[in-house]
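Here's data.cif, which has mmCIF, C-alpha atoms and all ligand atoms:
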```
data_final
loop_
_atom_site.label_atom_id
_atom_site.label_comp_id
_atom_site.auth_asym_id
_atom_site.auth_seq_id
_atom_site.Cartn_x
_atom_site.Cartn_y
_atom_site.Cartn_z
CA MET P 1 37.41 -66.56 -60.41
CA GLU P 2 37.28 -66.85 -64.20
CA GLN P 3 36.64 -63.12 -64.54
CA ASP P 4 39.77 -62.39 -62.56
CA VAL P 5 42.40 -63.63 -64.99
CA PHE P 6 41.92 -60.74 -67.40
CA GLU P 7 40.56 -58.13 -65.00
CA ARG P 8 43.63 -58.46 -62.85
CA LEU P 9 45.67 -57.26 -65.82
CA GLY P 10 43.18 -54.58 -66.76
CA VAL P 11 42.34 -56.38 -70.00
CA LYS P 12 38.71 -56.19 -71.17
CA ARG P 13 36.72 -59.13 -72.47
CA VAL P 14 35.36 -58.22 -75.89
CA ILE P 15 32.57 -59.35 -78.20
CA ASN P 16 34.04 -60.77 -81.39
CA GLY P 17 31.85 -60.34 -84.47
CA GLN P 18 34.87 -60.48 -86.78
CA SER P 19 35.54 -64.22 -87.08
CA TRP P 20 38.42 -66.46 -85.97
CA VAL P 21 41.09 -63.80 -86.10
CA THR P 22 44.32 -64.07 -84.16
CA TYR P 23 44.26 -60.48 -82.91
CA LEU P 24 41.02 -61.16 -81.00
CA GLY P 25 42.09 -64.50 -79.57
CA GLY P 26 41.09 -66.81 -82.43
CA SER P 27 38.41 -69.16 -81.20
CA ILE P 28 36.83 -70.58 -78.05
CA MET P 29 37.61 -74.16 -77.12
CA ALA P 30 34.76 -76.50 -76.14
CA PRO P 31 34.69 -77.68 -72.49
CA GLN P 32 35.81 -81.18 -73.62
CA VAL P 33 38.90 -79.66 -75.23
CA ARG P 34 39.80 -77.67 -72.12
CA GLN P 35 39.29 -80.78 -70.00
CA ALA P 36 41.49 -82.90 -72.27
CA MET P 37 44.22 -80.27 -72.06
CA ALA P 38 43.97 -80.28 -68.26
CA ASP P 39 44.16 -84.10 -68.29
CA ALA P 40 47.34 -83.91 -70.37
CA ALA P 41 48.96 -81.41 -68.04
CA ASP P 42 49.90 -83.49 -65.01
CA CYS P 43 52.55 -85.85 -66.39
CA TYR P 44 55.55 -86.24 -68.70
CA VAL P 45 55.50 -88.07 -72.03
CA ASN P 46 58.04 -88.71 -74.77
CA ILE P 47 57.21 -85.89 -77.19
CA ASP P 48 58.55 -87.71 -80.28
CA GLU P 49 56.24 -90.62 -79.53
CA LEU P 50 53.31 -88.26 -78.97
CA MET P 51 54.04 -86.30 -82.18
CA LEU P 52 54.13 -89.50 -84.23
CA LYS P 53 50.92 -90.95 -82.77
CA ALA P 54 49.14 -87.59 -83.03
CA GLY P 55 50.30 -87.46 -86.65
CA HIS P 56 48.60 -90.80 -87.33
CA GLU P 57 45.33 -89.32 -86.07
CA LEU P 58 45.69 -86.31 -88.35
CA ALA P 59 46.44 -88.63 -91.27
CA LYS P 60 43.19 -90.52 -90.62
CA HIS P 61 41.16 -87.30 -90.58
CA THR P 62 42.76 -85.83 -93.70
CA GLY P 63 43.19 -88.93 -95.83
CA ALA P 64 46.89 -88.11 -96.16
CA GLU P 65 49.77 -90.55 -95.66
CA ALA P 66 50.96 -88.65 -92.59
CA GLY P 67 50.26 -85.66 -90.37
CA LEU P 68 51.98 -83.33 -87.94
CA VAL P 69 50.66 -80.97 -85.25
CA THR P 70 52.21 -77.53 -85.79
CA ALA P 71 52.14 -74.20 -83.97
CA GLY P 72 49.55 -72.76 -86.39
CA ALA P 73 49.18 -72.68 -90.16
CA ALA P 74 52.00 -70.13 -90.53
CA ALA P 75 54.31 -72.59 -88.75
CA GLY P 76 52.96 -75.22 -91.14
CA MET P 77 54.09 -73.04 -94.08
CA LEU P 78 57.56 -72.63 -92.57
CA LEU P 79 57.81 -76.42 -92.18
CA GLU P 80 56.49 -77.08 -95.69
CA ALA P 81 59.34 -74.98 -97.05
CA ALA P 82 61.93 -76.54 -94.72
CA ALA P 83 60.75 -80.05 -95.61
CA CYS P 84 60.92 -79.48 -99.38
CA MET P 85 64.37 -77.87 -99.23
CA THR P 86 66.04 -80.35 -96.85
CA LEU P 87 64.07 -83.53 -97.61
CA GLY P 88 65.04 -84.54 -94.07
CA ASP P 89 68.84 -84.47 -94.62
CA PRO P 90 70.23 -83.82 -91.09
CA ALA P 91 73.10 -81.61 -92.30
CA LYS P 92 70.76 -79.47 -94.39
CA ILE P 93 68.33 -79.17 -91.48
CA LEU P 94 71.06 -77.64 -89.33
CA GLN P 95 72.25 -75.42 -92.19
CA LEU P 96 68.91 -73.63 -92.73
CA PRO P 97 68.04 -70.79 -93.22
CA ASP P 98 71.28 -70.76 -95.25
CA THR P 99 70.20 -72.65 -98.39
CA THR P 100 73.58 -72.88 -100.14
CA GLY P 101 73.66 -76.07 -102.18
CA MET P 102 69.93 -76.76 -101.82
CA LYS P 103 66.94 -76.30 -104.08
CA ASN P 104 65.58 -73.11 -102.55
CA GLU P 105 63.04 -71.56 -104.90
CA ILE P 106 59.32 -71.67 -104.13
CA ILE P 107 57.17 -70.65 -107.06
CA ILE P 108 54.00 -68.77 -106.12
CA PRO P 109 51.27 -67.33 -108.38
CA ARG P 110 51.38 -63.53 -108.01
CA THR P 111 47.63 -63.36 -107.32
CA LEU P 112 48.05 -65.68 -104.31
CA ARG P 113 50.63 -63.59 -102.44
CA VAL P 114 49.58 -62.95 -98.81
CA GLY P 115 51.37 -61.50 -95.80
CA PHE P 116 51.62 -64.97 -94.30
CA ASP P 117 53.91 -66.20 -97.10
CA GLN P 118 56.81 -64.62 -95.24
CA ALA P 119 56.74 -67.92 -93.31
CA PHE P 120 58.16 -69.68 -96.41
CA ARG P 121 61.01 -67.17 -96.55
CA GLN P 122 61.63 -67.62 -92.86
CA ALA P 123 62.94 -71.09 -93.69
CA GLY P 124 65.37 -69.50 -96.16
CA ALA P 125 63.36 -70.07 -99.32
CA LYS P 126 63.26 -67.53 -102.11
CA LEU P 127 59.80 -66.79 -103.49
CA VAL P 128 59.55 -66.67 -107.27
CA GLU P 129 56.35 -64.95 -108.43
CA VAL P 130 54.71 -66.11 -111.64
CA GLY P 131 51.91 -64.60 -113.70
CA ASN P 132 50.55 -61.08 -113.43
CA THR P 133 48.03 -59.59 -111.01
CA PHE P 134 45.11 -61.13 -112.95
CA SER P 135 46.21 -64.30 -114.60
CA LEU P 136 48.70 -67.12 -114.90
CA GLY P 137 49.07 -69.54 -117.79
CA GLU P 138 50.10 -73.13 -117.22
CA TYR P 139 52.98 -72.53 -119.67
CA GLU P 140 54.25 -69.63 -117.49
CA LEU P 141 54.25 -71.85 -114.42
CA GLU P 142 56.02 -74.57 -116.35
CA ALA P 143 58.65 -72.14 -117.67
CA ALA P 144 59.48 -71.00 -114.12
CA ILE P 145 60.31 -74.54 -112.94
CA ASN P 146 64.05 -75.23 -112.98
CA GLU P 147 66.71 -77.25 -111.11
CA ARG P 148 66.51 -74.88 -108.11
CA THR P 149 62.73 -75.27 -107.67
CA ALA P 150 61.93 -76.79 -104.27
CA ALA P 151 58.12 -76.49 -104.45
CA VAL P 152 55.14 -74.68 -105.92
CA ALA P 153 52.96 -72.90 -103.33
CA TYR P 154 49.17 -72.53 -103.48
CA ILE P 155 47.20 -70.36 -101.04
CA PHE P 156 43.46 -70.51 -100.36
CA GLY P 157 41.84 -67.47 -98.76
CA PRO P 158 38.99 -64.98 -99.05
CA PHE P 159 39.43 -62.51 -101.91
CA LEU P 160 42.39 -64.35 -103.42
CA LYS P 161 41.79 -64.89 -107.12
CA ALA P 162 43.04 -68.31 -108.13
CA PRO P 163 44.35 -68.01 -111.69
CA LEU P 164 44.67 -71.79 -112.01
CA THR P 165 42.90 -74.48 -109.99
CA LEU P 166 44.88 -76.61 -107.57
CA PRO P 167 44.60 -79.70 -109.83
CA GLN P 168 45.96 -77.65 -112.77
CA VAL P 169 48.94 -76.50 -110.71
CA VAL P 170 49.50 -80.04 -109.43
CA SER P 171 49.51 -81.47 -112.92
CA VAL P 172 52.19 -79.04 -114.14
CA ALA P 173 54.36 -79.39 -111.00
CA HIS P 174 54.17 -83.17 -110.87
CA LYS P 175 55.21 -83.47 -114.50
CA HIS P 176 58.56 -82.10 -113.25
CA ASN P 177 58.54 -83.99 -109.92
CA VAL P 178 58.06 -80.78 -107.95
CA PRO P 179 55.87 -80.96 -104.82
CA VAL P 180 52.88 -78.63 -104.32
CA ILE P 181 52.51 -77.08 -100.87
CA VAL P 182 49.20 -75.58 -99.78
CA ASP P 183 48.08 -73.05 -97.19
CA ALA P 184 44.38 -73.68 -96.45
CA SER P 185 44.49 -72.01 -93.06
CA ALA P 186 40.96 -70.65 -92.88
CA MET P 187 39.20 -73.23 -95.10
CA LEU P 188 37.59 -75.21 -92.23
CA PRO P 189 34.59 -75.43 -92.04
CA PRO P 190 33.39 -76.99 -94.32
CA ALA P 191 34.75 -80.28 -93.00
CA GLU P 192 35.01 -81.74 -96.54
CA ASN P 193 38.03 -79.52 -97.08
CA LEU P 194 40.01 -81.66 -94.60
CA THR P 195 40.43 -84.29 -97.33
CA ARG P 196 39.81 -82.25 -100.46
CA TYR P 197 43.21 -80.75 -101.26
CA ILE P 198 45.06 -84.00 -100.62
CA ARG P 199 42.59 -85.72 -102.93
CA GLU P 200 43.30 -83.04 -105.53
CA GLY P 201 46.98 -83.99 -105.47
CA ALA P 202 48.61 -81.55 -103.01
CA ASP P 203 51.79 -82.94 -101.44
CA MET P 204 51.46 -80.98 -98.19
CA VAL P 205 48.52 -78.99 -96.79
CA THR P 206 48.32 -76.84 -93.68
CA PHE P 207 45.23 -75.68 -91.75
CA SER P 208 44.83 -73.57 -88.62
CA GLY P 209 43.81 -75.49 -85.52
CA GLY P 210 42.67 -72.33 -83.77
CA LYS P 211 40.22 -70.97 -86.34
CA GLY P 212 37.07 -72.91 -87.33
CA VAL P 213 38.33 -76.16 -85.77
CA CYS P 214 38.20 -74.39 -82.37
CA GLY P 215 41.31 -76.06 -81.04
CA PRO P 216 44.04 -74.22 -79.14
CA GLN P 217 44.69 -70.90 -80.96
CA SER P 218 48.39 -71.69 -81.18
CA THR P 219 47.98 -74.98 -83.10
CA GLY P 220 47.81 -76.07 -86.71
CA ILE P 221 47.49 -79.17 -88.85
CA LEU P 222 50.04 -80.23 -91.44
CA CYS P 223 49.34 -83.29 -93.55
CA GLY P 224 50.64 -84.87 -96.71
CA ARG P 225 53.19 -87.22 -98.22
CA GLY P 226 54.88 -89.47 -95.65
CA ASP P 227 58.48 -88.56 -96.56
CA LEU P 228 57.78 -84.82 -96.56
CA ILE P 229 55.89 -84.88 -93.26
CA GLU P 230 58.76 -86.82 -91.69
CA ALA P 231 61.16 -84.16 -93.01
CA ALA P 232 58.91 -81.44 -91.54
CA ARG P 233 58.88 -83.22 -88.17
CA LEU P 234 62.67 -83.36 -88.08
CA ASN P 235 62.79 -79.59 -88.74
CA MET P 236 60.64 -78.75 -85.70
CA SER P 237 60.64 -78.93 -81.93
CA PRO P 238 61.69 -81.00 -79.99
CA HIS P 239 64.46 -81.27 -82.64
CA ALA P 240 66.85 -78.48 -83.59
CA GLY P 241 66.13 -76.66 -86.85
CA VAL P 242 64.33 -73.61 -88.20
CA GLY P 243 61.10 -74.97 -86.74
CA ARG P 244 62.49 -75.27 -83.20
CA PRO P 245 60.93 -71.92 -82.17
CA THR P 246 57.50 -73.17 -83.33
CA LYS P 247 57.02 -75.49 -80.39
CA VAL P 248 53.77 -77.20 -79.46
CA CYS P 249 53.34 -78.62 -75.98
CA LYS P 250 51.66 -81.87 -75.00
CA GLU P 251 48.55 -80.07 -73.77
CA GLU P 252 48.12 -78.29 -77.13
CA ILE P 253 48.65 -81.51 -79.09
CA ILE P 254 45.94 -83.28 -77.09
CA GLY P 255 43.72 -80.20 -77.30
CA LEU P 256 43.95 -80.07 -81.09
CA LEU P 257 43.18 -83.79 -81.51
CA THR P 258 40.17 -83.48 -79.22
CA ALA P 259 38.90 -80.39 -81.04
CA LEU P 260 39.35 -82.02 -84.44
CA ASP P 261 37.43 -85.07 -83.32
CA LEU P 262 34.53 -82.86 -82.16
CA PHE P 263 34.76 -80.84 -85.38
CA VAL P 264 34.35 -83.83 -87.70
CA LYS P 265 31.47 -85.25 -85.63
CA LYS P 266 29.64 -81.93 -85.33
CA ASP P 267 26.25 -81.38 -86.98
CA HIS P 268 27.51 -78.60 -89.26
CA ALA P 269 24.09 -77.99 -90.84
CA ALA P 270 22.53 -77.36 -87.42
CA GLU P 271 25.37 -75.03 -86.50
CA TRP P 272 24.93 -73.08 -89.73
CA LYS P 273 21.20 -72.76 -89.04
CA ALA P 274 21.92 -71.35 -85.59
CA TRP P 275 24.39 -68.88 -87.13
CA ARG P 276 21.71 -67.77 -89.62
CA ALA P 277 19.27 -67.11 -86.80
CA MET P 278 21.85 -64.92 -85.02
CA SER P 279 22.58 -62.97 -88.21
CA GLN P 280 18.86 -62.52 -88.78
CA VAL P 281 18.50 -60.78 -85.39
CA ILE P 282 21.07 -58.19 -86.46
CA VAL P 283 19.55 -57.72 -89.92
CA GLU P 284 16.08 -57.22 -88.44
CA ALA P 285 17.29 -54.65 -85.93
CA LEU P 286 18.86 -52.50 -88.66
CA HIS P 287 17.13 -53.08 -91.97
CA GLU P 288 14.63 -50.22 -91.69
CA ILE P 289 17.24 -47.53 -91.05
CA PRO P 290 17.07 -45.15 -94.06
CA GLY P 291 20.28 -44.80 -96.05
CA LEU P 292 21.50 -48.31 -95.29
CA THR P 293 21.14 -51.57 -97.14
CA VAL P 294 21.24 -54.39 -94.63
CA ARG P 295 21.05 -58.03 -95.60
CA MET P 296 22.24 -61.49 -94.74
CA GLU P 297 24.90 -62.79 -97.11
CA ASP P 298 24.94 -66.54 -96.91
CA GLY P 299 27.11 -68.75 -99.09
CA ASP P 300 29.46 -65.99 -100.29
CA GLN P 301 32.83 -67.70 -100.42
CA ASN P 302 34.60 -64.53 -99.32
CA ARG P 303 32.56 -64.39 -96.11
CA GLN P 304 33.02 -66.52 -93.02
CA GLY P 305 29.58 -67.94 -92.23
CA PRO P 306 26.22 -66.29 -92.98
CA VAL P 307 27.12 -62.65 -92.23
CA ALA P 308 24.96 -59.61 -91.56
CA ALA P 309 26.23 -57.06 -94.11
CA ILE P 310 25.53 -53.33 -93.76
CA TYR P 311 26.15 -51.15 -96.83
CA PHE P 312 26.18 -47.34 -96.68
CA ASP P 313 24.11 -45.90 -99.54
CA PRO P 314 25.29 -42.67 -101.23
CA LYS P 315 22.53 -40.75 -99.42
CA TRP P 316 23.65 -41.87 -95.95
CA ARG P 317 24.17 -38.84 -93.67
CA GLY P 318 24.91 -40.61 -90.39
CA PRO P 319 28.26 -41.46 -88.81
CA SER P 320 31.01 -42.83 -91.03
CA GLN P 321 32.04 -46.45 -91.09
CA GLN P 322 35.18 -45.58 -89.09
CA GLU P 323 33.14 -43.65 -86.51
CA VAL P 324 30.76 -46.59 -86.01
CA LEU P 325 33.68 -48.98 -85.55
CA LYS P 326 35.21 -46.59 -83.00
CA ARG P 327 31.96 -46.30 -81.04
CA LEU P 328 31.63 -50.07 -80.87
CA ARG P 329 35.22 -50.58 -79.76
CA GLU P 330 35.10 -47.85 -77.16
CA GLY P 331 31.84 -49.03 -75.58
CA ASP P 332 31.41 -51.50 -72.77
CA PRO P 333 31.95 -54.30 -73.58
CA PRO P 334 34.10 -53.45 -76.60
CA ILE P 335 32.66 -54.90 -79.80
CA TYR P 336 34.74 -55.76 -82.88
CA ILE P 337 33.07 -56.22 -86.26
CA GLY P 338 34.37 -56.35 -89.83
CA SER P 339 34.56 -53.56 -92.37
CA GLY P 340 35.31 -52.70 -95.94
CA TRP P 341 35.89 -55.92 -97.81
CA TYR P 342 33.63 -55.21 -100.76
CA ARG P 343 33.14 -51.42 -100.43
CA ASP P 344 31.82 -48.94 -97.86
CA GLU P 345 30.36 -51.54 -95.59
CA LEU P 346 30.32 -53.10 -92.15
CA TRP P 347 29.71 -56.75 -91.46
CA VAL P 348 29.15 -59.02 -88.50
CA THR P 349 29.84 -62.72 -88.61
CA PRO P 350 28.01 -64.86 -86.06
CA VAL P 351 30.64 -67.62 -86.10
CA THR P 352 32.50 -66.16 -83.14
CA LEU P 353 29.49 -64.67 -81.29
CA ARG P 354 28.54 -66.45 -78.11
CA PRO P 355 24.79 -67.16 -77.66
CA GLY P 356 22.95 -63.94 -76.81
CA GLU P 357 25.71 -61.64 -78.01
CA GLU P 358 23.87 -61.11 -81.30
CA ARG P 359 21.26 -59.06 -79.36
CA VAL P 360 23.94 -56.95 -77.71
CA VAL P 361 25.61 -56.33 -81.08
CA ALA P 362 22.26 -55.50 -82.73
CA GLY P 363 21.36 -52.97 -80.00
CA ARG P 364 24.77 -51.34 -79.87
CA LEU P 365 24.98 -51.11 -83.67
CA ARG P 366 21.57 -49.38 -83.80
CA GLU P 367 22.71 -46.94 -81.18
CA ALA P 368 26.04 -46.28 -82.89
CA LEU P 369 24.39 -45.75 -86.29
CA LEU P 370 21.49 -43.59 -85.10
CA SER P 371 23.15 -41.22 -82.63
CA GLY P 372 24.41 -38.03 -84.31
C1 LIG V 401 45.08 -67.15 -90.60
C2 LIG V 401 45.86 -67.41 -91.81
C3 LIG V 401 47.18 -67.92 -91.72
C4 LIG V 401 47.87 -68.08 -90.39
O1 LIG V 401 47.33 -69.12 -89.63
P1 LIG V 401 47.79 -69.33 -88.10
O2 LIG V 401 47.16 -70.63 -87.71
O3 LIG V 401 47.26 -68.15 -87.33
O4 LIG V 401 49.27 -69.38 -88.10
C5 LIG V 401 47.84 -68.23 -92.88
N1 LIG V 401 47.26 -68.06 -94.09
C6 LIG V 401 46.01 -67.58 -94.24
C7 LIG V 401 45.43 -67.42 -95.63
C8 LIG V 401 45.26 -67.24 -93.10
O5 LIG V 401 44.01 -66.76 -93.23
#
```
If you convert what's in this file into structure tokens, what do you get?
Amino acid sequence: MEQDVFERLGVKRVINGQSWVTYLGGSIMAPQVRQAMADAADCYVNIDELMLKAGHELAKHTGAEAGLVTAGAAAGMLLEAAACMTLGDPAKILQLPDTTGMKNEIIIPRTLRVGFDQAFRQAGAKLVEVGNTFSLGEYELEAAINERTAAVAYIFGPFLKAPLTLPQVVSVAHKHNVPVIVDASAMLPPAENLTRYIREGADMVTFSGGKGVCGPQSTGILCGRGDLIEAARLNMSPHAGVGRPTKVCKEEIIGLLTALDLFVKKDHAAEWKAWRAMSQVIVEALHEIPGLTVRMEDGDQNRQGPVAAIYFDPKWRGPSQQEVLKRLREGDPPIYIGSGWYRDELWVTPVTLRPGEERVVAGRLREALLSG
């Protein structure tokens, strides 16, 4: 039966060695999460009441005053912007994305620009870049703050170079009573990060629910100051506003809370050890191939989990990186792995491999690398 849902459409199940990425379906929910979602599916509830109570749970887990379940971290960014510009004023909520008469500038360090920051602009905000591509002085940030500033944005992500720490940004922004809004989408695990950014002074923080938390792919966590979270809530479904299209349903809300509960109780050290063992299988299958440098990279903050990294040495004469990727994707089952973050390299992260798939990936990679 289970096989049928995708086969019927002619869609192939794939092996994901590329982490919790949306284009491969994000993450896999634990059986308890799926069961909780099924339990939530056979009745009606008042969604406002559910959103508020679910928010209390998120507040407990994050140490923030309040929380809100969103339709992903990008939706969380949209709501952060909408909350800071409207501050919950009902007329302003209906006026967005037209920001006439509102504070509408969001200051963002140039080095922290990412494609996802379009979500801020979707609420009508104007992004104001500060600093250059390498650095940002606290005085530059301070000089950019004016009477139109709605918030300062801070993004955490692999390969982003933070020119100032979050506490430094917070201290400048708060001196001028400007809130700091954070995108920490992919920063879980480690679980400590759930409370870290709030502790460091952020006013609002958003995380993905469908990456390392392994909740429904379409969910996110928003947490922060009580008045701002309330403003965010009023900007989203079931209410009218720019966040109305970012709806979460009762099943997803329950699914996220269940997943988060499992996430904070999980033995993360044991999980990491199991990931290392999977990575090791891949490293061992490939490390003697001449012309390649293959090693486990564990604890690199730009990597998700302990990855098996494969570097092509200058004397490599085998298939190109692109050819290997193509062979893996065109095989049966299709396999997706990462490429090219540091240089001419391939990498496999075990965090999204299901038990046993590391052997399939190791065998298929050997084949793809060694055949003409
Ligand atoms: C994945 C990601 C997002 C988007 O998160 P969703 O939950 O998929 O909406 C935003 N910002 C960064 C840095 C991300 O890595």
Which residues are close to Ala38 of chain P, i.e. within 12 Å by only C-alpha atoms, leaving aside same-chain residues fewer than 6 positions away? Reply as a PDB file with C-alpha atoms, in the frame of the given file.
```
ATOM      1  CA  PRO P  31      34.690 -77.680 -72.490  1.00  0.00           C
ATOM      2  CA  GLN P  32      35.810 -81.180 -73.620  1.00  0.00           C
ATOM      3  CA  LYS P 250      51.660 -81.870 -75.000  1.00  0.00           C
ATOM      4  CA  GLU P 251      48.550 -80.070 -73.770  1.00  0.00           C
ATOM      5  CA  GLU P 252      48.120 -78.290 -77.130  1.00  0.00           C
ATOM      6  CA  ILE P 253      48.650 -81.510 -79.090  1.00  0.00           C
ATOM      7  CA  ILE P 254      45.940 -83.280 -77.090  1.00  0.00           C
ATOM      8  CA  GLY P 255      43.720 -80.200 -77.300  1.00  0.00           C
TER       9      GLY P 255
END
```
task: List all protein, DNA and RNA residues that have an atom no more than 7 Å from any atom of ligand LIG 401 (chain V), counting all atoms listed in the file, and report them as a VMD selection string.
output: chain P and resid 21 to 22 71 to 75 114 116 155 to 157 183 to 186 207 to 210 218 to 220
Output file for the residues above (C-alpha atoms, as a PDB file, keeping the file's coordinate frame):
```
ATOM      1  CA  VAL P  21      41.090 -63.800 -86.100  1.00  0.00           C
ATOM      2  CA  THR P  22      44.320 -64.070 -84.160  1.00  0.00           C
ATOM      3  CA  ALA P  71      52.140 -74.200 -83.970  1.00  0.00           C
ATOM      4  CA  GLY P  72      49.550 -72.760 -86.390  1.00  0.00           C
ATOM      5  CA  ALA P  73      49.180 -72.680 -90.160  1.00  0.00           C
ATOM      6  CA  ALA P  74      52.000 -70.130 -90.530  1.00  0.00           C
ATOM      7  CA  ALA P  75      54.310 -72.590 -88.750  1.00  0.00           C
ATOM      8  CA  VAL P 114      49.580 -62.950 -98.810  1.00  0.00           C
ATOM      9  CA  PHE P 116      51.620 -64.970 -94.300  1.00  0.00           C
ATOM     10  CA  ILE P 155      47.200 -70.360-101.040  1.00  0.00           C
ATOM     11  CA  PHE P 156      43.460 -70.510-100.360  1.00  0.00           C
ATOM     12  CA  GLY P 157      41.840 -67.470 -98.760  1.00  0.00           C
ATOM     13  CA  ASP P 183      48.080 -73.050 -97.190  1.00  0.00           C
ATOM     14  CA  ALA P 184      44.380 -73.680 -96.450  1.00  0.00           C
ATOM     15  CA  SER P 185      44.490 -72.010 -93.060  1.00  0.00           C
ATOM     16  CA  ALA P 186      40.960 -70.650 -92.880  1.00  0.00           C
ATOM     17  CA  PHE P 207      45.230 -75.680 -91.750  1.00  0.00           C
ATOM     18  CA  SER P 208      44.830 -73.570 -88.620  1.00  0.00           C
ATOM     19  CA  GLY P 209      43.810 -75.490 -85.520  1.00  0.00           C
ATOM     20  CA  GLY P 210      42.670 -72.330 -83.770  1.00  0.00           C
ATOM     21  CA  SER P 218      48.390 -71.690 -81.180  1.00  0.00           C
ATOM     22  CA  THR P 219      47.980 -74.980 -83.100  1.00  0.00           C
ATOM     23  CA  GLY P 220      47.810 -76.070 -86.710  1.00  0.00           C
TER      24      GLY P 220
END
```
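The residue that comes closest to Gly201 of chain P, out of P:Leu257, P:Leu141, P:Ala64, P:Val5 and on the basis of all atoms listed in the file, is P:Ala64.
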- request: Would you kindly return, as a PyMOL selection string, each protein, DNA or RNA residue with an atom no farther than 10 Å from any atom of Gly305 of chain P, considering all atoms listed in the file and excluding same-chain residues fewer than 6 positions away?
  value: chain P and resi 19+189+272+275-276+279+297-299+348-352
query: So which one's closest to Ile335 of chain P, P:Asp4, P:Val14, P:Ala270, P:Ile198? Using all atoms listed in the file, please.
result: P:Val14
query: Using all atoms listed in the file, which residues sit within 8 Å of Met85 of chain P once same-chain residues fewer than 5 positions away are excluded, as JSON, numbers by chain?
result: {"P": [99, 102, 103, 104, 125, 150]}
task: One decimal, Å: what's the distance from atom CA of Gln168 of chain P over to atom CA of Glu200 of chain P, could you say?
output: 9.4 Å
